[in-house]
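Raw contents of input-v9.tsv, TSV, C-alpha atoms and all ligand atoms:
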chain	number	residue	atom	x	y	z
A	1	MET	CA	-74.01	25.58	-35.38
A	2	LYS	CA	-75.25	24.06	-32.14
A	3	THR	CA	-75.31	20.30	-31.67
A	4	ILE	CA	-77.87	18.91	-29.22
A	5	ALA	CA	-78.12	15.25	-28.18
A	6	PHE	CA	-81.31	13.66	-26.83
A	7	PHE	CA	-80.20	11.08	-24.37
A	8	ASN	CA	-81.55	8.70	-21.74
A	9	ASN	CA	-80.26	5.22	-21.03
A	10	LYS	CA	-83.84	4.15	-20.30
A	11	GLY	CA	-85.31	2.80	-23.56
A	12	GLY	CA	-88.60	3.72	-25.19
A	13	VAL	CA	-89.13	7.06	-23.42
A	14	GLY	CA	-89.67	8.90	-26.71
A	15	LYS	CA	-86.25	10.22	-27.75
A	16	THR	CA	-86.61	9.42	-31.43
A	17	THR	CA	-90.17	10.74	-31.65
A	18	LEU	CA	-89.00	13.97	-30.04
A	19	VAL	CA	-86.02	14.44	-32.38
A	20	TYR	CA	-88.20	13.72	-35.44
A	21	HIS	CA	-90.88	16.26	-34.49
A	22	LEU	CA	-88.44	18.94	-33.35
A	23	ALA	CA	-86.44	18.59	-36.56
A	24	TRP	CA	-89.55	19.39	-38.64
A	25	MET	CA	-90.58	22.19	-36.28
A	26	PHE	CA	-87.19	23.90	-36.33
A	27	SER	CA	-86.87	23.69	-40.09
A	28	GLU	CA	-90.38	25.09	-40.63
A	29	ASN	CA	-89.42	28.01	-38.43
A	30	GLY	CA	-86.28	29.06	-40.22
A	31	LEU	CA	-83.59	27.02	-38.48
A	32	ARG	CA	-81.74	24.83	-40.96
A	33	THR	CA	-81.70	21.50	-39.18
A	34	LEU	CA	-79.47	18.46	-39.51
A	35	ALA	CA	-80.91	15.34	-37.88
A	36	VAL	CA	-78.24	12.78	-37.01
A	37	ASP	CA	-79.12	9.13	-36.39
A	38	LEU	CA	-76.42	7.64	-34.17
A	39	ASP	CA	-78.64	4.88	-32.79
A	40	PRO	CA	-77.73	1.52	-34.37
A	41	GLN	CA	-81.48	0.72	-34.29
A	42	ALA	CA	-81.84	3.48	-36.95
A	43	ASN	CA	-85.46	4.21	-36.00
A	44	LEU	CA	-85.10	7.91	-36.77
A	45	THR	CA	-83.97	7.10	-40.30
A	46	SER	CA	-86.95	4.82	-40.88
A	47	MET	CA	-89.31	7.55	-39.64
A	48	PHE	CA	-87.90	10.05	-42.13
A	49	LEU	CA	-87.50	7.86	-45.22
A	50	ASN	CA	-89.73	5.46	-47.11
A	51	GLU	CA	-88.95	1.79	-47.69
A	52	GLU	CA	-87.75	2.32	-51.27
A	53	ARG	CA	-85.17	4.87	-50.18
A	54	LEU	CA	-84.12	2.76	-47.19
A	55	GLU	CA	-83.45	-0.16	-49.52
A	56	GLU	CA	-81.22	2.09	-51.62
A	57	LEU	CA	-79.34	3.33	-48.55
A	58	TRP	CA	-78.94	-0.14	-47.06
A	59	PRO	CA	-78.02	-2.41	-50.01
A	60	ASP	CA	-76.41	-5.84	-49.54
A	61	SER	CA	-73.12	-4.31	-50.66
A	62	ASP	CA	-71.32	-1.41	-48.92
A	63	HIS	CA	-73.50	1.31	-47.36
A	64	ASN	CA	-71.75	4.37	-48.70
A	65	LEU	CA	-74.44	6.93	-47.88
A	66	THR	CA	-75.00	6.22	-44.16
A	67	ILE	CA	-73.10	6.92	-40.96
A	68	LEU	CA	-71.55	3.47	-41.41
A	69	GLY	CA	-70.28	4.48	-44.85
A	70	ASP	CA	-68.68	7.55	-43.24
A	71	ILE	CA	-66.75	5.53	-40.64
A	72	GLN	CA	-66.07	2.53	-42.91
A	73	PRO	CA	-62.55	3.73	-43.90
A	74	ILE	CA	-61.68	3.93	-40.19
A	75	LEU	CA	-63.19	0.49	-39.46
A	76	LYS	CA	-61.25	-1.04	-42.33
A	77	GLY	CA	-58.06	0.77	-41.35
A	78	LEU	CA	-57.98	2.42	-44.77
A	79	GLY	CA	-58.20	6.07	-43.85
A	80	ASP	CA	-60.45	8.71	-42.36
A	81	ILE	CA	-64.03	9.97	-42.76
A	82	PRO	CA	-65.01	11.50	-46.16
A	83	GLN	CA	-64.39	15.22	-46.74
A	84	ILE	CA	-68.09	15.78	-47.42
A	85	PRO	CA	-70.26	13.14	-45.72
A	86	HIS	CA	-73.63	12.43	-47.35
A	87	VAL	CA	-76.67	14.34	-46.10
A	88	GLU	CA	-80.07	13.09	-47.16
A	89	ASN	CA	-82.48	15.92	-47.98
A	90	ILE	CA	-85.87	15.23	-46.48
A	91	PRO	CA	-88.59	15.42	-49.14
A	92	GLY	CA	-91.27	18.03	-48.47
A	93	ALA	CA	-89.16	20.03	-45.99
A	94	SER	CA	-86.94	23.01	-46.58
A	95	GLY	CA	-83.58	23.10	-44.85
A	96	LEU	CA	-83.99	19.69	-43.23
A	97	GLY	CA	-81.26	17.08	-43.71
A	98	LEU	CA	-80.48	13.69	-42.23
A	99	ILE	CA	-77.27	11.78	-41.68
A	100	PRO	CA	-78.82	8.33	-42.12
A	101	GLY	CA	-78.32	5.71	-39.43
A	102	ASP	CA	-77.26	2.14	-39.99
A	103	LEU	CA	-77.73	-1.14	-38.15
A	104	GLY	CA	-74.09	-1.92	-38.86
A	105	LEU	CA	-73.02	1.02	-36.70
A	106	SER	CA	-72.87	-1.31	-33.69
A	107	ARG	CA	-69.64	-2.70	-35.21
A	108	PHE	CA	-68.02	0.60	-34.19
A	109	GLU	CA	-68.67	0.03	-30.47
A	110	ASP	CA	-65.52	-2.01	-29.76
A	111	LYS	CA	-63.25	0.21	-31.80
A	112	LEU	CA	-64.49	3.25	-29.87
A	113	SER	CA	-64.20	1.49	-26.58
A	114	ASP	CA	-60.51	0.70	-26.93
A	115	SER	CA	-59.67	4.15	-28.35
A	116	TRP	CA	-60.56	6.02	-25.15
A	117	PRO	CA	-57.58	4.74	-23.11
A	118	ARG	CA	-55.32	5.04	-26.15
A	119	CYS	CA	-56.09	8.77	-26.34
A	120	GLN	CA	-54.30	9.06	-22.99
A	121	ASN	CA	-51.11	8.04	-24.82
A	122	LYS	CA	-51.52	10.75	-27.46
A	123	ASP	CA	-52.38	8.12	-30.05
A	124	GLU	CA	-53.44	10.07	-33.16
A	125	ALA	CA	-55.43	7.20	-34.68
A	126	ALA	CA	-57.39	6.85	-31.42
A	127	PHE	CA	-58.28	10.56	-31.53
A	128	ARG	CA	-59.47	10.21	-35.13
A	129	ILE	CA	-61.78	7.42	-34.02
A	130	MET	CA	-63.03	9.17	-30.86
A	131	THR	CA	-63.81	12.37	-32.75
A	132	ALA	CA	-65.27	10.74	-35.89
A	133	PHE	CA	-68.90	11.60	-35.06
A	134	HIS	CA	-68.02	15.20	-34.24
A	135	ARG	CA	-66.06	15.60	-37.46
A	136	ILE	CA	-68.76	13.92	-39.56
A	137	ILE	CA	-71.42	16.28	-38.15
A	138	VAL	CA	-69.29	19.40	-38.60
A	139	GLN	CA	-68.13	18.47	-42.10
A	140	ALA	CA	-71.58	17.36	-43.24
A	141	ALA	CA	-73.12	20.57	-41.93
A	142	SER	CA	-70.33	22.89	-43.15
A	143	ASP	CA	-72.13	26.26	-43.11
A	144	LYS	CA	-75.44	24.88	-44.37
A	145	TYR	CA	-77.10	24.13	-41.00
A	146	ASP	CA	-77.88	26.09	-37.83
A	147	ILE	CA	-78.65	23.21	-35.50
A	148	ALA	CA	-77.89	19.48	-35.35
A	149	LEU	CA	-80.17	17.14	-33.39
A	150	VAL	CA	-78.58	13.84	-32.41
A	151	ASP	CA	-80.61	10.73	-31.64
A	152	VAL	CA	-78.85	7.95	-29.74
A	153	GLY	CA	-79.72	4.49	-28.43
A	154	PRO	CA	-80.68	3.73	-24.81
A	155	ASN	CA	-77.37	2.81	-23.19
A	156	LEU	CA	-74.19	4.24	-21.66
A	157	GLY	CA	-71.84	2.58	-24.17
A	158	SER	CA	-68.94	4.01	-26.11
A	159	ILE	CA	-70.94	4.98	-29.22
A	160	ASN	CA	-73.01	7.22	-26.97
A	161	ARG	CA	-69.98	8.58	-25.16
A	162	SER	CA	-68.53	9.65	-28.49
A	163	ALA	CA	-71.89	11.04	-29.65
A	164	LEU	CA	-72.28	13.06	-26.45
A	165	ILE	CA	-68.74	14.42	-26.59
A	166	ALA	CA	-69.65	15.67	-30.08
A	167	SER	CA	-72.61	17.60	-28.62
A	168	ASP	CA	-72.71	21.11	-27.16
A	169	GLN	CA	-75.83	20.31	-25.15
A	170	VAL	CA	-77.80	17.34	-23.91
A	171	ILE	CA	-81.55	17.20	-23.34
A	172	ILE	CA	-82.96	14.30	-21.36
A	173	PRO	CA	-86.39	12.96	-22.33
A	174	LEU	CA	-87.92	11.00	-19.47
A	175	SER	CA	-91.17	9.61	-18.19
A	176	PRO	CA	-92.49	10.05	-14.66
A	177	ASP	CA	-91.83	6.57	-13.30
A	178	LEU	CA	-89.38	4.64	-11.18
A	179	PHE	CA	-87.34	3.37	-14.15
A	180	SER	CA	-86.76	6.78	-15.64
A	181	LEU	CA	-85.68	8.25	-12.31
A	182	GLN	CA	-83.34	5.33	-11.68
A	183	GLY	CA	-82.04	5.94	-15.21
A	184	LEU	CA	-81.34	9.60	-14.32
A	185	LYS	CA	-79.32	8.51	-11.31
A	186	ASN	CA	-77.06	6.40	-13.56
A	187	LEU	CA	-76.93	8.78	-16.45
A	188	GLY	CA	-76.06	11.93	-14.45
A	189	PRO	CA	-72.79	10.64	-12.93
A	190	THR	CA	-71.79	9.02	-16.25
A	191	LEU	CA	-72.26	12.32	-18.08
A	192	LYS	CA	-70.22	14.10	-15.42
A	193	GLU	CA	-67.43	11.57	-15.81
A	194	TRP	CA	-67.30	11.99	-19.62
A	195	ARG	CA	-67.36	15.77	-19.21
A	196	SER	CA	-64.57	15.78	-16.66
A	197	ILE	CA	-62.17	13.43	-18.48
A	198	TRP	CA	-62.38	15.03	-21.92
A	199	PRO	CA	-60.59	18.36	-21.16
A	200	ASP	CA	-57.54	16.42	-19.97
A	201	LEU	CA	-57.56	14.29	-23.14
A	202	LEU	CA	-57.94	17.47	-25.19
A	203	THR	CA	-54.46	18.57	-24.14
A	204	LYS	CA	-53.11	15.36	-25.69
A	205	ALA	CA	-54.95	15.67	-29.02
A	206	PRO	CA	-53.17	16.29	-32.33
A	207	LYS	CA	-53.24	20.01	-33.11
A	208	ASP	CA	-54.43	19.68	-36.70
A	209	LEU	CA	-57.55	17.66	-35.86
A	210	SER	CA	-60.99	19.25	-35.30
A	211	ILE	CA	-61.72	18.30	-31.70
A	212	PRO	CA	-65.02	18.92	-29.89
A	213	LYS	CA	-64.96	20.89	-26.64
A	214	GLY	CA	-66.95	18.13	-24.93
A	215	GLU	CA	-68.91	20.56	-22.75
A	216	ILE	CA	-72.15	18.53	-23.03
A	217	LYS	CA	-74.09	21.22	-21.21
A	218	ALA	CA	-77.17	19.86	-19.46
A	219	ALA	CA	-79.90	21.93	-21.12
A	220	GLY	CA	-82.92	20.43	-19.36
A	221	TYR	CA	-85.39	17.59	-19.57
A	222	VAL	CA	-88.68	16.88	-21.31
A	223	ILE	CA	-91.29	14.81	-19.49
A	224	LEU	CA	-93.21	12.46	-21.75
A	225	GLN	CA	-96.43	11.05	-20.45
A	226	HIS	CA	-97.26	8.52	-23.15
A	227	SER	CA	-95.42	5.69	-21.47
A	228	VAL	CA	-97.26	6.09	-18.15
A	229	ARG	CA	-99.59	3.14	-17.77
A	230	ASP	CA	-103.23	4.18	-17.41
A	231	THR	CA	-103.77	1.55	-14.74
A	232	ARG	CA	-101.35	3.28	-12.36
A	233	PRO	CA	-102.93	5.35	-9.62
A	234	VAL	CA	-102.65	9.10	-10.24
A	235	LYS	CA	-100.99	9.51	-6.86
A	236	ALA	CA	-98.01	7.33	-7.87
A	237	TYR	CA	-97.59	9.31	-11.07
A	238	LEU	CA	-97.62	12.63	-9.19
A	239	ARG	CA	-95.09	11.32	-6.71
A	240	TRP	CA	-92.59	10.60	-9.52
A	241	MET	CA	-93.35	13.93	-11.19
A	242	ASP	CA	-92.56	15.76	-7.95
A	243	ARG	CA	-89.21	14.04	-7.58
A	244	ILE	CA	-87.87	14.81	-11.05
A	245	PRO	CA	-86.56	18.37	-10.42
A	246	GLN	CA	-84.63	17.37	-7.30
A	247	ILE	CA	-83.08	14.26	-8.86
A	248	TYR	CA	-82.15	16.15	-12.02
A	249	ARG	CA	-80.38	18.81	-9.96
A	250	GLU	CA	-78.64	16.41	-7.66
A	251	TYR	CA	-77.49	13.81	-10.19
A	252	VAL	CA	-77.19	15.68	-13.46
A	253	LEU	CA	-76.36	19.23	-12.37
A	254	ASP	CA	-74.58	18.90	-9.05
A	255	ASP	CA	-76.83	21.63	-7.73
A	256	SER	CA	-79.32	20.29	-5.19
A	257	GLU	CA	-79.91	23.57	-3.35
A	258	ASN	CA	-80.30	26.45	-5.78
A	259	ASN	CA	-83.51	27.59	-7.38
A	260	ILE	CA	-85.36	24.47	-6.40
A	261	ASN	CA	-88.68	26.27	-6.74
A	262	LYS	CA	-87.92	27.69	-10.15
A	263	ASP	CA	-87.72	24.62	-12.28
A	264	ILE	CA	-86.06	26.20	-15.27
A	265	TYR	CA	-84.79	22.84	-16.51
A	266	ASN	CA	-88.25	21.44	-17.15
A	267	LEU	CA	-88.53	22.25	-20.86
A	268	ALA	CA	-91.94	20.66	-21.44
A	269	LEU	CA	-94.50	18.16	-20.32
A	270	LEU	CA	-95.70	16.42	-23.48
A	271	LYS	CA	-98.87	14.40	-23.37
A	272	HIS	CA	-99.83	11.09	-24.85
A	273	TYR	CA	-101.03	12.03	-28.32
A	274	LYS	CA	-102.92	8.75	-28.54
A	275	SER	CA	-104.20	7.97	-32.04
A	276	LEU	CA	-102.32	10.90	-33.63
A	277	MET	CA	-99.09	8.92	-33.41
A	278	PRO	CA	-100.24	5.85	-35.42
A	279	LEU	CA	-101.88	8.19	-37.96
A	280	ALA	CA	-98.61	10.11	-38.27
A	281	MET	CA	-96.59	6.93	-38.75
A	282	GLU	CA	-99.01	5.79	-41.43
A	283	ALA	CA	-98.93	9.16	-43.20
A	284	ARG	CA	-95.13	9.41	-42.71
A	285	LYS	CA	-95.31	12.93	-41.37
A	286	PRO	CA	-95.22	14.68	-37.97
A	287	MET	CA	-98.40	14.48	-35.87
A	288	PHE	CA	-98.83	18.25	-36.12
A	289	TYR	CA	-99.03	18.15	-39.95
A	290	LEU	CA	-101.87	15.61	-40.08
A	291	GLN	CA	-104.73	16.54	-42.42
A	292	PRO	CA	-108.32	15.29	-42.72
A	293	ALA	CA	-107.12	13.22	-45.72
A	294	ASP	CA	-104.74	11.41	-43.33
A	295	GLY	CA	-107.67	10.51	-41.07
A	296	ALA	CA	-107.35	13.47	-38.70
A	297	ILE	CA	-111.01	14.42	-38.56
A	298	GLY	CA	-113.43	15.56	-35.85
A	299	ALA	CA	-111.74	16.02	-32.46
A	300	HIS	CA	-108.41	15.13	-34.08
A	301	VAL	CA	-108.35	18.52	-35.79
A	302	TYR	CA	-108.09	20.26	-32.41
A	303	ALA	CA	-105.58	17.69	-31.14
A	304	VAL	CA	-103.35	18.36	-34.17
A	305	LYS	CA	-103.44	22.10	-33.50
A	306	ALA	CA	-102.67	21.59	-29.78
A	307	CYS	CA	-99.81	19.25	-30.70
A	308	TYR	CA	-98.37	21.93	-33.02
A	309	ASP	CA	-98.52	24.50	-30.20
A	310	ASP	CA	-96.81	22.12	-27.74
A	311	PHE	CA	-93.91	21.40	-30.08
A	312	TYR	CA	-93.63	25.03	-31.18
A	313	LYS	CA	-93.23	26.18	-27.56
A	314	LEU	CA	-90.71	23.45	-26.81
A	315	ALA	CA	-88.70	24.20	-29.96
A	316	GLN	CA	-88.64	27.88	-29.07
A	317	LYS	CA	-87.32	27.17	-25.57
A	318	ILE	CA	-84.60	24.88	-26.90
A	319	ALA	CA	-83.60	27.42	-29.56
A	320	ASN	CA	-83.43	30.23	-26.98
A	321	ASN	CA	-81.29	28.13	-24.64
A	322	ALA	CA	-78.95	27.39	-27.53
A	323	GLY	CA	-78.71	31.07	-28.50
A	324	LEU	CA	-80.61	30.54	-31.77
A	325	ALA	CA	-83.67	32.43	-32.95
A	326	MET	CA	-86.65	30.85	-34.68
A	327	LYS	CA	-88.56	32.83	-37.27
A	401	LIG	N1	-95.93	11.87	-27.12
A	401	LIG	C1	-96.25	10.63	-27.58
A	401	LIG	N2	-97.54	10.24	-27.71
A	401	LIG	C2	-97.86	9.00	-28.14
A	401	LIG	N3	-96.96	8.05	-28.45
A	401	LIG	C3	-95.66	8.37	-28.35
A	401	LIG	C4	-95.22	9.66	-27.93
A	401	LIG	N4	-93.86	9.68	-27.93
A	401	LIG	C5	-93.47	8.45	-28.32
A	401	LIG	N5	-94.54	7.65	-28.58
A	401	LIG	C6	-94.48	6.23	-28.95
A	401	LIG	O1	-93.73	5.54	-27.94
A	401	LIG	C7	-92.90	4.56	-28.50
A	401	LIG	C8	-91.44	4.82	-28.10
A	401	LIG	O2	-91.03	6.05	-28.66
A	401	LIG	P1	-89.57	6.27	-29.27
A	401	LIG	O3	-89.23	5.21	-30.23
A	401	LIG	O4	-89.54	7.68	-29.74
A	401	LIG	O5	-88.70	6.08	-27.95
A	401	LIG	P2	-87.11	6.02	-27.82
A	401	LIG	O6	-86.78	6.61	-26.52
A	401	LIG	O7	-86.47	6.61	-29.01
A	401	LIG	O8	-86.86	4.43	-27.81
A	401	LIG	P3	-85.42	3.70	-27.87
A	401	LIG	O9	-84.86	3.82	-26.49
A	401	LIG	O10	-85.77	2.28	-28.26
A	401	LIG	O11	-84.60	4.40	-28.89
A	401	LIG	C9	-93.12	4.61	-30.01
A	401	LIG	O12	-94.03	3.61	-30.36
A	401	LIG	C10	-93.72	5.99	-30.24
A	401	LIG	O13	-94.59	5.99	-31.35
A	402	MG	MG	-85.06	5.77	-30.29
As structure tokens, what does this structure read like?
Ligand SMILES: Nc1ncnc2c1ncn2[C@@H]1O[C@H](COP(=O)(O)OP(=O)(O)OP(=O)(O)O)[C@@H](O)[C@H]1O
Ligand SMILES: [Mg+2]
Amino acid sequence: MKTIAFFNNKGGVGKTTLVYHLAWMFSENGLRTLAVDLDPQANLTSMFLNEERLEELWPDSDHNLTILGDIQPILKGLGDIPQIPHVENIPGASGLGLIPGDLGLSRFEDKLSDSWPRCQNKDEAAFRIMTAFHRIIVQAASDKYDIALVDVGPNLGSINRSALIASDQVIIPLSPDLFSLQGLKNLGPTLKEWRSIWPDLLTKAPKDLSIPKGEIKAAGYVILQHSVRDTRPVKAYLRWMDRIPQIYREYVLDDSENNINKDIYNLALLKHYKSLMPLAMEARKPMFYLQPADGAIGAHVYAVKACYDDFYKLAQKIANNAGLAMK
């Protein structure tokens, strides 16, 4: 199984929307997909599940079926993650599962933060904490999934460090504006630091624990146009677009010279799908599955088809890069 994180410390670029749509697209095309909500905002979980189910998953008592339930024994100092963590089957999809998120996950931030230095001292408990997300994903998936897509919150904190270390690849969704490019300049060096420290810690890990390799291969970026303000002059937008490949190479890849003309890291340019998105939220389904009964009539019918093609092409590229084949 390949685990891919969608990460950008700039908020609201479209990470969750991307993970949600790709999860449906992969599963429709024969890749058994595990979506993993590691953002304490839990937006991905509320896109997938209806209110009734969310109330069941997030009762006033303990949340046994969410990511918080999985790490609760560690938080309480009572033990380790469950042998078989809960996976929520997504109704109407085949081979699509979700590890539900939880607002209480933010309680894990401090525990993770102080475990990182303790790993240096070969502290076994610290390694159990640092690798909890990796082990939850692997144990939840067992051999039932081909790909795991991880959604995270917009920051460079310790929950995200642990989530990224659990991932084979990272894809960076971004928008063509100053904030996103500044974000890339922060995110790139941070990723490099996490990547470079982990192999040394690996040598200190307990031998019987499943430890991620922490390669976090930079697999490219997706440019999302929906957050570009219409009032901005086109010229400004193009200027930011032009700078993305260079900044990605320099800050994320450490490769400012090679192949600058062949921008193989640009996985897609996704447009603003305008009214398809609110219709999809209302119908609780991906934009590319909207039907006339959901309000997708007239010109929307063509927009739905074009949206399907966009996500299909993107999913295919991501699968190829990860060495997986869609149907
Ligand atoms: N391609 C798109 N077309 C139209 N609207 C979009 C598109 N992608 C995302 N949106 C909208 O943009 C907003 C932000 O998207 P989303 O929540 O996916 O971003 P995010 O990066 O996950 O945010 P956060 O950093 O808070 O986790 C949402 O209201 C979503 O519906
Ligand atoms: Mg999000």
At most 7 Å from ligand MG 402 (chain A) (all atoms listed in the file): residue list as an MDAnalysis selection string:
chainID A and resid 12 14:16 39 43:44 151:153
Counting all atoms listed in the file, which of A:Asn89, A:Gln225, A:Ser180, A:Ser167 gets nearest to ligand LIG 401 (chain A)?
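Nearest to ligand LIG 401 (chain A): A:Gln225.
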Near Phe133 of chain A, counting only C-alpha atoms, which residues have an atom at most 12 Å away, once you skip same-chain residues fewer than 2 positions from it, shown as number ranges by chain?
A: 3, 36-38, 67-68, 70-71, 74, 80-82, 85, 99, 101, 105, 108, 112, 127-131, 135-140, 148, 150, 152, 158-167, 210-212
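Put simply, atom CA of Ser46 of chain A is 17.5 Å away from atom CA of Phe6 of chain A.
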Report the centre and edge lengths, in Å to one decimal, of an axis-aligned box enclosing every atom of ligand LIG 401 (chain A) listed in the file, padded by 4 Å on each side, as JSON.
{"center_x": -91.2, "center_y": 7.1, "center_z": -28.9, "size_x": 21.3, "size_y": 17.6, "size_z": 12.9}
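If only C-alpha atoms are the atoms counted, then among A:Met25, A:Val13, A:Val222, A:Phe48 the closest residue to Tyr289 of chain A is A:Met25.
With all atoms listed in the file as the atoms that count, the minimum distance from ligand LIG 401 (chain A) to the choices A:Ala319, A:Ile4, A:Ile216, A:Leu22 is reached by A:Leu22.
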Find the residues of segment 159-216 of chain A that sit at most 10 Å from segment 266-274 of chain A; for each, write down the nearest two atoms and how far apart they are in Å, to one decimal. Count only C-alpha atoms. Sort by chain, then by number going up, and give it as a Markdown table.
| residue | atom | partner | partner_atom | distance |
| --- | --- | --- | --- | --- |
| A:Ile171 | CA | A:Leu267 | CA | 9.0 |
| A:Ile172 | CA | A:Leu267 | CA | 9.7 |
| A:Pro173 | CA | A:Ala268 | CA | 9.5 |
| A:Leu174 | CA | A:Leu269 | CA | 9.8 |
| A:Ser175 | CA | A:Leu269 | CA | 9.4 |
One number please: atom CA of Asp242 of chain A to atom CA of Gly183 of chain A, in Å, one decimal.
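Computed distance, atom CA of Asp242 of chain A to atom CA of Gly183 of chain A, equals 16.1 Å.
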12 Å contact set for segment 248-250 of chain A, all atoms listed in the file, chain neighbours under 2 positions out, as a PyMOL selection string:
chain A and resi 171-174+180-189+192+218-223+241-246+252-266
Grab the atom CA of Lys10 of chain A to atom CA of Met47 of chain A distance for me, in Å with one decimal place.
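If I compute the distance from atom CA of Lys10 of chain A to atom CA of Met47 of chain A, I get 20.4 Å.
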So which one's closest to ligand LIG 401 (chain A), A:Val304, A:His226, A:Met326, A:Asp102? Using all atoms listed in the file, please.
A:His226
Among the residues A:Ala299, A:Ile84, A:Ala325, A:Met281, the one that comes closest to ligand LIG 401 (chain A) [using all atoms listed in the file]:
A:Met281
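Minimum atom-to-atom distances from A:Leu224, A:Val170, A:Leu178, A:Leu314 to ligand LIG 401 (chain A) were compared using all atoms listed in the file, and the lowest value belongs to A:Leu224.
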Quick one: residues within 9 Å of segment 195-197 of chain A, only C-alpha atoms counted, chain neighbours fewer than 5 positions away excluded, as a ChimeraX atom specification?
/A:165,190,202,214-217
